[in-house]
file work-v4.txt (compact mmCIF, C-alpha atoms)
# COMPACT_ATOMS: atom_id res chain seq x y z
CA MET L 1 193.60 96.68 108.49
CA LYS L 2 195.78 99.74 109.21
CA TYR L 3 193.48 101.83 107.00
CA ARG L 4 190.45 100.77 109.07
CA ILE L 5 192.26 101.64 112.30
CA GLU L 6 193.09 105.10 110.97
CA ILE L 7 189.45 105.63 109.97
CA LEU L 8 188.32 104.64 113.47
CA ARG L 9 190.85 107.02 115.01
CA LEU L 10 189.60 109.88 112.86
CA MET L 11 185.99 109.09 113.73
CA LEU L 12 186.83 109.00 117.46
CA ALA L 13 188.76 112.28 117.24
CA SER L 14 185.87 113.91 115.39
CA LEU L 15 183.43 112.68 118.02
CA VAL L 16 185.56 114.08 120.84
CA LEU L 17 185.99 117.42 119.06
CA SER L 18 182.24 117.68 118.49
CA PHE L 19 181.64 117.39 122.23
CA LEU L 20 184.35 119.85 123.30
CA PRO L 21 182.03 122.89 123.33
CA PHE L 22 179.56 120.96 125.52
CA ILE L 23 182.32 119.80 127.87
CA ALA L 24 183.82 123.29 128.09
CA SER L 25 180.46 124.86 128.92
CA ALA L 26 179.67 122.30 131.63
CA GLN L 27 180.75 123.13 135.16
CA LEU L 28 181.50 120.51 137.75
CA GLY L 29 179.80 121.05 141.11
CA TYR L 30 179.78 119.15 144.34
CA GLY L 31 177.92 119.16 147.62
CA PHE L 32 177.26 117.54 150.97
CA LYS L 33 174.05 116.69 152.77
CA VAL L 34 172.80 115.24 156.04
CA GLY L 35 169.31 114.52 157.23
CA LEU L 36 166.61 112.10 158.28
CA ASN L 37 164.90 109.17 156.56
CA PHE L 38 161.30 108.20 157.28
CA SER L 39 160.85 104.75 155.79
CA THR L 40 158.82 101.58 155.73
CA ILE L 41 158.59 98.37 153.72
CA THR L 42 155.36 98.02 151.78
CA GLY L 43 153.82 94.73 150.74
CA GLU L 44 151.04 92.25 151.37
CA LYS L 45 150.44 91.91 155.11
CA GLU L 46 150.08 88.49 156.66
CA THR L 47 146.80 86.99 157.82
CA ASP L 48 146.68 84.28 160.48
CA VAL L 49 145.11 80.83 160.11
CA ALA L 50 141.72 82.27 161.10
CA GLY L 51 141.87 84.71 158.17
CA LYS L 52 142.40 87.80 160.34
CA GLN L 53 144.95 90.38 159.23
CA ALA L 54 147.57 89.98 161.92
CA GLU L 55 150.49 92.04 160.60
CA THR L 56 151.04 95.79 160.30
CA ALA L 57 154.07 97.86 159.34
CA LYS L 58 154.91 101.34 160.56
CA TYR L 59 157.30 104.06 159.44
CA VAL L 60 160.58 104.39 161.31
CA SER L 61 163.19 107.14 161.31
CA GLY L 62 166.88 106.91 160.49
CA PHE L 63 169.64 109.19 159.28
CA GLN L 64 171.36 109.76 155.98
CA VAL L 65 174.62 111.46 155.09
CA GLY L 66 176.67 111.75 151.93
CA PHE L 67 178.05 113.83 149.11
CA GLY L 68 177.22 114.45 145.48
CA LEU L 69 178.77 115.42 142.15
CA ARG L 70 176.97 117.45 139.52
CA TYR L 71 177.51 118.70 135.97
CA ASN L 72 175.84 122.04 135.32
CA ILE L 73 174.93 121.86 131.64
CA THR L 74 173.17 125.23 131.71
CA ASP L 75 172.30 127.68 134.46
CA ALA L 76 169.04 125.79 135.00
CA PHE L 77 169.73 122.18 134.00
CA ALA L 78 172.20 119.71 135.52
CA VAL L 79 172.84 116.00 135.89
CA GLY L 80 174.65 114.27 138.70
CA THR L 81 175.02 111.48 141.18
CA GLU L 82 175.25 111.10 144.95
CA PHE L 83 176.84 108.63 147.35
CA LEU L 84 174.77 108.30 150.50
CA PHE L 85 174.74 106.20 153.65
CA ALA L 86 171.03 105.80 154.42
CA GLN L 87 169.23 103.98 157.22
CA LYS L 88 165.94 102.43 156.12
CA GLY L 89 163.59 99.89 157.63
CA THR L 90 160.21 99.41 159.25
CA GLU L 91 158.49 98.43 162.49
CA ILE L 92 156.65 95.12 162.11
CA ASN L 93 153.84 94.25 164.51
CA TYR L 94 152.22 90.81 164.46
CA ASP L 95 149.34 89.66 166.68
CA GLY L 96 147.65 86.40 165.74
CA THR L 97 148.01 82.65 165.56
CA GLY L 98 151.57 81.44 165.77
CA TYR L 99 154.02 78.71 166.65
CA HIS L 100 157.15 78.17 168.69
CA VAL L 101 159.98 75.74 167.99
CA PHE L 102 161.82 74.01 170.83
CA ARG L 103 165.05 72.09 170.27
CA LYS L 104 165.89 69.56 173.00
CA ASP L 105 168.48 66.79 172.78
CA ASN L 106 168.42 66.90 168.97
CA ASP L 107 164.61 66.62 169.01
CA LYS L 108 162.31 69.27 167.59
CA ILE L 109 159.15 70.01 169.59
CA ILE L 110 156.43 72.20 168.09
CA ALA L 111 153.91 74.32 169.97
CA THR L 112 150.97 76.20 168.44
CA GLY L 113 148.91 79.02 169.89
CA THR L 114 149.04 82.81 169.72
CA ASP L 115 152.07 84.99 169.15
CA LYS L 116 152.53 88.72 169.59
CA GLN L 117 155.67 90.12 167.98
CA THR L 118 157.23 93.53 167.57
CA ILE L 119 160.35 93.83 165.40
CA ASP L 120 162.27 97.01 164.54
CA VAL L 121 164.05 96.40 161.23
CA SER L 122 167.06 98.60 160.46
CA ASN L 123 168.69 98.21 157.04
CA ALA L 124 171.69 100.38 156.17
CA TYR L 125 172.19 101.04 152.46
CA ILE L 126 174.84 102.67 150.34
CA ASP L 127 172.55 104.59 147.98
CA ILE L 128 173.77 105.82 144.59
CA PRO L 129 171.07 107.94 142.91
CA VAL L 130 171.57 109.20 139.34
CA LEU L 131 169.61 112.42 138.94
CA ALA L 132 168.56 115.20 136.60
CA TYR L 133 168.10 118.66 138.13
CA TYR L 134 166.12 121.68 137.00
CA LYS L 135 166.50 124.92 138.92
CA LEU L 136 163.93 127.70 138.86
CA GLY L 137 165.04 130.59 141.02
CA ARG L 138 165.65 129.31 144.53
CA VAL L 139 163.72 126.08 143.89
CA GLN L 140 165.38 123.02 142.37
CA PHE L 141 163.49 119.94 141.17
CA SER L 142 165.13 116.55 140.73
CA GLY L 143 164.25 113.07 139.53
CA GLY L 144 165.99 109.87 138.59
CA VAL L 145 166.81 106.32 139.59
CA ASN L 146 168.47 104.95 142.69
CA VAL L 147 170.67 101.89 143.23
CA GLY L 148 170.98 100.73 146.84
CA VAL L 149 173.52 98.21 148.14
CA LEU L 150 172.63 96.69 151.52
CA ALA L 151 175.51 97.04 153.98
CA THR L 152 173.99 95.86 157.28
CA SER L 153 170.60 94.41 158.25
CA ARG L 154 169.34 94.05 161.82
CA GLY L 155 166.08 93.30 163.57
CA ARG L 156 165.37 93.75 167.28
CA GLY L 157 162.18 93.01 169.14
CA GLU L 158 160.17 90.66 171.30
CA SER L 159 157.88 87.65 170.94
CA ILE L 160 155.20 86.75 173.51
CA PHE L 161 153.87 83.25 172.86
CA ASN L 162 151.05 81.35 174.56
CA GLY L 163 150.03 77.85 173.52
CA LYS L 164 150.36 74.09 173.72
CA THR L 165 152.74 71.52 172.33
CA THR L 166 151.46 69.07 169.73
CA SER L 167 151.21 66.46 172.52
CA GLY L 168 148.75 68.72 174.37
CA SER L 169 151.02 70.08 177.11
CA THR L 170 150.09 73.65 178.08
CA LEU L 171 153.07 75.98 178.19
CA PRO L 172 153.75 78.98 180.40
CA GLU L 173 153.92 82.32 178.62
CA ILE L 174 157.17 82.33 176.63
CA ILE L 175 158.85 85.71 176.17
CA SER L 176 161.74 85.67 173.70
CA ASN L 177 164.10 88.44 172.65
CA LEU L 178 164.39 88.67 168.88
CA ASP L 179 167.97 89.60 167.99
CA TYR L 180 168.24 89.25 164.23
CA HIS L 181 171.34 89.65 162.08
CA TYR L 182 169.64 88.99 158.77
CA LEU L 183 172.81 88.74 156.68
CA THR L 184 174.79 86.40 158.95
CA ASP L 185 172.47 84.39 161.24
CA ALA L 186 172.49 80.63 160.74
CA ALA L 187 169.58 78.20 160.66
CA ALA L 188 168.42 76.96 164.11
CA GLU L 189 170.68 79.54 165.77
CA SER L 190 170.03 81.16 169.12
CA ILE L 191 171.97 84.22 170.27
CA GLY L 192 174.14 84.18 173.39
CA THR L 193 173.93 81.76 176.30
CA GLU L 194 170.99 83.11 178.31
CA LEU L 195 168.45 80.34 179.00
CA THR L 196 164.97 80.07 180.48
CA THR L 197 163.86 76.89 182.28
CA ILE L 198 160.32 75.65 181.59
CA ASN L 199 158.29 72.47 181.92
CA LEU L 200 158.15 70.99 178.43
CA ASP L 201 155.95 67.90 177.95
CA GLY L 202 156.40 66.89 181.59
CA ALA L 203 160.15 67.41 181.78
CA SER L 204 162.35 70.36 182.68
CA ALA L 205 163.95 72.02 179.68
CA ASP L 206 166.30 74.97 179.19
CA ILE L 207 165.28 77.07 176.20
CA PRO L 208 167.17 80.01 174.67
CA LYS L 209 166.06 83.50 175.64
CA ASN L 210 167.43 85.19 172.50
CA LEU L 211 166.50 83.87 169.06
CA GLY L 212 168.23 84.40 165.73
CA ALA L 213 166.47 85.33 162.51
CA TYR L 214 166.27 81.76 161.17
CA TYR L 215 165.76 79.79 164.38
CA ALA L 216 162.69 78.00 162.96
CA PHE L 217 164.70 76.62 160.00
CA ASP L 218 166.50 73.31 160.53
CA SER L 219 169.30 73.87 158.02
CA GLY L 220 170.38 75.96 155.05
CA ASP L 221 171.80 79.41 154.36
CA TYR L 222 169.46 82.40 154.46
CA SER L 223 169.40 86.15 154.04
CA LEU L 224 165.94 87.69 154.30
CA TYR L 225 166.86 91.02 152.77
CA LYS L 226 168.50 91.10 149.35
CA ARG L 227 171.78 92.90 148.79
CA LEU L 228 170.57 95.03 145.85
CA ASP L 229 167.64 97.40 145.49
CA VAL L 230 166.66 99.64 142.58
CA GLY L 231 164.08 102.39 142.71
CA GLY L 232 162.97 105.78 141.47
CA ASN L 233 162.98 109.12 143.21
CA VAL L 234 161.64 112.66 142.90
CA GLY L 235 162.62 115.60 145.03
CA VAL L 236 162.63 119.33 145.57
CA ASP L 237 165.24 121.60 147.17
CA PHE L 238 164.86 125.16 148.41
CA PHE L 239 168.03 127.25 148.46
CA LEU L 240 168.34 129.60 151.42
CA ASN L 241 171.31 131.26 149.71
CA ASP L 242 173.66 130.36 146.86
CA ALA L 243 174.95 127.22 148.64
CA LEU L 244 172.75 126.23 151.60
CA PHE L 245 169.55 124.31 150.87
CA LEU L 246 166.74 122.34 152.48
CA GLY L 247 165.58 119.27 150.57
CA ALA L 248 162.87 116.64 150.46
CA ARG L 249 162.98 113.48 148.34
CA LEU L 250 160.66 110.51 147.92
CA ASN L 251 162.22 107.12 147.10
CA TYR L 252 160.13 104.16 145.92
CA GLY L 253 161.67 100.74 145.36
CA PHE L 254 160.97 98.80 142.17
CA LEU L 255 162.27 95.43 143.40
CA ASP L 256 161.15 92.89 145.98
CA VAL L 257 163.72 93.35 148.76
CA THR L 258 162.97 90.06 150.55
CA ALA L 259 164.22 86.63 149.45
CA LYS L 260 161.49 84.04 148.97
CA ASN L 261 163.50 81.22 150.58
CA ALA L 262 163.75 83.18 153.88
CA ASP L 263 160.46 85.14 153.95
CA SER L 264 158.51 82.82 156.25
CA SER L 265 155.03 82.92 157.74
CA ARG L 266 154.59 83.84 161.40
CA ALA L 267 151.12 82.27 161.50
CA ALA L 268 151.87 78.56 161.08
CA LEU L 269 154.33 75.89 160.01
CA GLY L 270 153.83 73.59 157.06
CA ALA L 271 152.84 69.94 157.19
CA ASP L 272 156.52 68.95 157.50
CA ASN L 273 157.00 71.35 160.44
CA GLN L 274 159.10 73.58 158.22
CA PRO L 275 158.40 77.30 157.76
CA ILE L 276 155.82 78.23 155.12
CA LEU L 277 157.44 80.54 152.57
CA ARG L 278 155.63 83.69 151.45
CA ASP L 279 155.77 84.75 147.79
CA ASP L 280 154.85 88.41 148.22
CA LYS L 281 156.47 91.63 147.03
CA ASP L 282 158.07 93.84 149.67
CA ARG L 283 159.37 97.23 148.55
CA ASN L 284 161.29 100.02 150.24
CA ILE L 285 159.65 103.43 150.43
CA SER L 286 161.25 106.39 152.16
CA LEU L 287 160.97 110.15 152.54
CA GLN L 288 164.29 111.95 152.95
CA LEU L 289 164.53 115.38 154.59
CA SER L 290 167.96 116.95 154.36
CA LEU L 291 170.12 120.00 154.94
CA GLY L 292 172.93 120.46 152.47
CA PHE L 293 175.54 122.63 150.80
CA SER L 294 176.01 122.81 147.03
CA PHE L 295 179.00 124.47 145.38
call {"tool": "encode", "arguments": {"input": "work-v4.txt", "output": "C-alpha cells"}}
result
Amino acid sequence: MKYRIEILRLMLASLVLSFLPFIASAQLGYGFKVGLNFSTITGEKETDVAGKQAETAKYVSGFQVGFGLRYNITDAFAVGTEFLFAQKGTEINYDGTGYHVFRKDNDKIIATGTDKQTIDVSNAYIDIPVLAYYKLGRVQFSGGVNVGVLATSRGRGESIFNGKTTSGSTLPEIISNLDYHYLTDAAAESIGTELTTINLDGASADIPKNLGAYYAFDSGDYSLYKRLDVGGNVGVDFFLNDALFLGARLNYGFLDVTAKNADSSRAALGADNQPILRDDKDRNISLQLSLGFSF
C-alpha cells in the first residue's frame, strides 16, 4: 500500500514538473468593463383562439458591469473568465383574445373577451463566461460558453381588458397594472391595496388594480424564469491603446429559460378554468457593447 502511495506521489510530482514551463510562461492578466446590453427572449409566439398571432417580443436595453481574469499563454493566445452583472429581458406585447379572473368572497368569476398587454421584463443575471482569446494586432477575437445565474426577475406593464363574464354580464373596460416579481409572487396574489369598484354580475365589487405574476393560478408555487441559463458567445474587441478597448459580444442561450408549470397562455383558460400551460422553448439572446481596460 505504501509502495503504491509513493508511486502516485512520484507520478503527481512528475506531472507538476512537466507543466512548470507552461505555468512560468503564462502571465496572469485582469480587466474591467462596463457597457450596454441589447437583449430579447426568442421563442414561439402565442396565437389567440382565432389563430391570429397575438404576441410579439422586442429588444430592450440594460447595462452590464464586471471584471475578468485571463491567462496569457502566448502573446496572441489566452484563456480566461469574467464575472459580470448583466441586465437582460424583453418587451412583450400581446393583442388578442384573452380572459380576466375575478376573486370575490372566495368565488372565482371568469370573463372572456379581448386583452391588450404590454410587459417590460427585466432579468438580472450574474454571468460567468469562460473564454478563449486570440489577438491579432489591435483586434482581439473571443469565443466560449456562458453560465448565467438569475439574481432578480421583474415584469412591469399594463393590461386593458374588454369582455363579458361567463354569465353574460358585460364589463366596463378593465385596466390593470402588471407588477410582477417572478421569483417571489404567490398564486392568486394581487399587489398592494389599491382597488377599483365595478359592477360584476349585477353587484358592486372591488377588484385589485395591481396584479401579481401568478394571479390567474389558484394555488401552488411558481417561478416563470429559471435560475440557471447556459449559452455560447462570440465577440471582438478593438484596443485603442495597450489597455483601453471597445468590445462587442453576441450571447445566445442554449436552454429554455421559462418553466413549463408557470408559462401560461394569455389567450384562454382551460376547461377547468385553470391556465393553459405552454410547452415552448424560450431562449435569451443579447448583444453586449462595452468599454473596458485590460492589464
call {"tool": "closest_atom_pairs", "arguments": {"input": "work-v4.txt", "of": "segment 100-136 of chain L", "to": "segment 198-221 of chain L", "cutoff": "10 Å", "atoms": "all atoms listed in the file", "output": "Markdown table"}}
result
| residue | atom | partner | partner_atom | distance |
| --- | --- | --- | --- | --- |
| L:His100 | CA | L:Ala216 | CA | 8.0 |
| L:Val101 | CA | L:Ala216 | CA | 6.1 |
| L:Phe102 | CA | L:Ile207 | CA | 7.1 |
| L:Arg103 | CA | L:Ile207 | CA | 7.7 |
| L:Lys104 | CA | L:Ala205 | CA | 7.4 |
| L:Asp105 | CA | L:Ala205 | CA | 9.8 |
| L:Lys108 | CA | L:Asp218 | CA | 9.1 |
| L:Ile109 | CA | L:Leu200 | CA | 9.0 |
| L:Ile110 | CA | L:Ala216 | CA | 10.0 |
call {"tool": "closest_residue", "arguments": {"input": "work-v4.txt", "among": "L:Thr193, L:Asn146, L:Gln140, L:Thr165", "to": "Gly98 of chain L", "atoms": "all atoms listed in the file"}}
result
L:Thr165
call {"tool": "closest_residue", "arguments": {"input": "work-v4.txt", "among": "L:Asp179, L:Gln87, L:Leu171, L:Gln53", "to": "Leu287 of chain L", "atoms": "all atoms listed in the file"}}
result
L:Gln87
call {"tool": "atom_distance", "arguments": {"input": "work-v4.txt", "atom1": "atom CA of Gly148 of chain L", "atom2": "atom CA of Val79 of chain L"}}
result
18.9 Å
call {"tool": "closest_atom_pairs", "arguments": {"input": "work-v4.txt", "of": "segment 146-243 of chain L", "to": "segment 121-129 of chain L", "cutoff": "12 Å", "atoms": "all atoms listed in the file", "output": "CSV"}}
result
residue,atom,partner,partner_atom,distance
L:Asn146,CA,L:Pro129,CA,4.0
L:Val147,CA,L:Ile128,CA,5.2
L:Gly148,CA,L:Asp127,CA,4.3
L:Val149,CA,L:Ile126,CA,5.1
L:Leu150,CA,L:Tyr125,CA,4.5
L:Ala151,CA,L:Tyr125,CA,5.4
L:Thr152,CA,L:Ala124,CA,5.2
L:Ser153,CA,L:Asn123,CA,4.4
L:Arg154,CA,L:Ser122,CA,5.3
L:Gly155,CA,L:Val121,CA,4.4
L:Arg156,CA,L:Val121,CA,6.7
L:Gly157,CA,L:Val121,CA,8.8
L:Leu178,CA,L:Val121,CA,10.9
L:Asp179,CA,L:Val121,CA,10.4
L:Tyr180,CA,L:Val121,CA,8.8
L:His181,CA,L:Val121,CA,10.0
L:Tyr182,CA,L:Asn123,CA,9.4
L:Leu183,CA,L:Asn123,CA,10.3
L:Ala213,CA,L:Val121,CA,11.4
L:Leu224,CA,L:Asn123,CA,11.2
L:Tyr225,CA,L:Asn123,CA,8.6
L:Lys226,CA,L:Asn123,CA,10.5
L:Arg227,CA,L:Tyr125,CA,8.9
L:Leu228,CA,L:Tyr125,CA,9.1
L:Asp229,CA,L:Asp127,CA,9.1
L:Val230,CA,L:Asp127,CA,9.4
L:Gly231,CA,L:Pro129,CA,8.9
L:Gly232,CA,L:Pro129,CA,8.5
L:Asn233,CA,L:Pro129,CA,8.2
L:Val234,CA,L:Pro129,CA,10.5
L:Gly235,CA,L:Pro129,CA,11.6
call {"tool": "build_atoms", "arguments": {"input": "work-v4.txt", "residues": "segment 242-262 of chain L", "atoms": "N, CA and C atoms", "output": "short mmCIF file (atom, residue, chain, number, x, y, z; two decimals), in the coordinates of the input"}}
result
data_model
loop_
_atom_site.label_atom_id
_atom_site.label_comp_id
_atom_site.auth_asym_id
_atom_site.auth_seq_id
_atom_site.Cartn_x
_atom_site.Cartn_y
_atom_site.Cartn_z
N ASP L 242 173.07 130.98 148.04
CA ASP L 242 173.66 130.36 146.86
C ASP L 242 174.13 128.93 147.10
N ALA L 243 174.39 128.55 148.36
CA ALA L 243 174.95 127.22 148.64
C ALA L 243 174.08 126.37 149.56
N LEU L 244 173.48 126.98 150.57
CA LEU L 244 172.75 126.23 151.60
C LEU L 244 171.33 125.93 151.14
N PHE L 245 170.90 124.67 151.30
CA PHE L 245 169.55 124.31 150.87
C PHE L 245 168.90 123.34 151.83
N LEU L 246 167.57 123.34 151.81
CA LEU L 246 166.74 122.34 152.48
C LEU L 246 166.11 121.48 151.40
N GLY L 247 166.08 120.16 151.61
CA GLY L 247 165.58 119.27 150.57
C GLY L 247 164.63 118.22 151.08
N ALA L 248 163.77 117.76 150.19
CA ALA L 248 162.87 116.64 150.46
C ALA L 248 162.87 115.74 149.23
N ARG L 249 162.94 114.43 149.46
CA ARG L 249 162.98 113.48 148.34
C ARG L 249 162.20 112.23 148.71
N LEU L 250 161.41 111.75 147.75
CA LEU L 250 160.66 110.51 147.92
C LEU L 250 161.32 109.41 147.10
N ASN L 251 161.64 108.29 147.76
CA ASN L 251 162.22 107.12 147.10
C ASN L 251 161.22 105.97 147.13
N TYR L 252 161.03 105.32 145.99
CA TYR L 252 160.13 104.16 145.92
C TYR L 252 160.85 103.02 145.23
N GLY L 253 160.95 101.88 145.91
CA GLY L 253 161.67 100.74 145.36
C GLY L 253 160.87 100.02 144.28
N PHE L 254 161.58 99.57 143.26
CA PHE L 254 160.97 98.80 142.17
C PHE L 254 161.05 97.29 142.42
N LEU L 255 161.99 96.86 143.24
CA LEU L 255 162.27 95.43 143.40
C LEU L 255 161.74 94.90 144.72
N ASP L 256 161.48 93.59 144.74
CA ASP L 256 161.15 92.89 145.98
C ASP L 256 162.44 92.75 146.79
N VAL L 257 162.47 93.34 147.98
CA VAL L 257 163.72 93.35 148.76
C VAL L 257 163.87 92.13 149.66
N THR L 258 162.87 91.25 149.72
CA THR L 258 162.97 90.06 150.55
C THR L 258 163.14 88.81 149.68
N ALA L 259 163.95 87.88 150.17
CA ALA L 259 164.22 86.63 149.45
C ALA L 259 163.15 85.61 149.79
N LYS L 260 162.60 84.97 148.77
CA LYS L 260 161.49 84.04 148.97
C LYS L 260 161.88 82.88 149.88
N ASN L 261 163.12 82.41 149.80
CA ASN L 261 163.50 81.22 150.58
C ASN L 261 163.66 81.52 152.07
N ALA L 262 163.60 82.82 152.46
CA ALA L 262 163.75 83.18 153.88
C ALA L 262 162.57 83.97 154.41
#
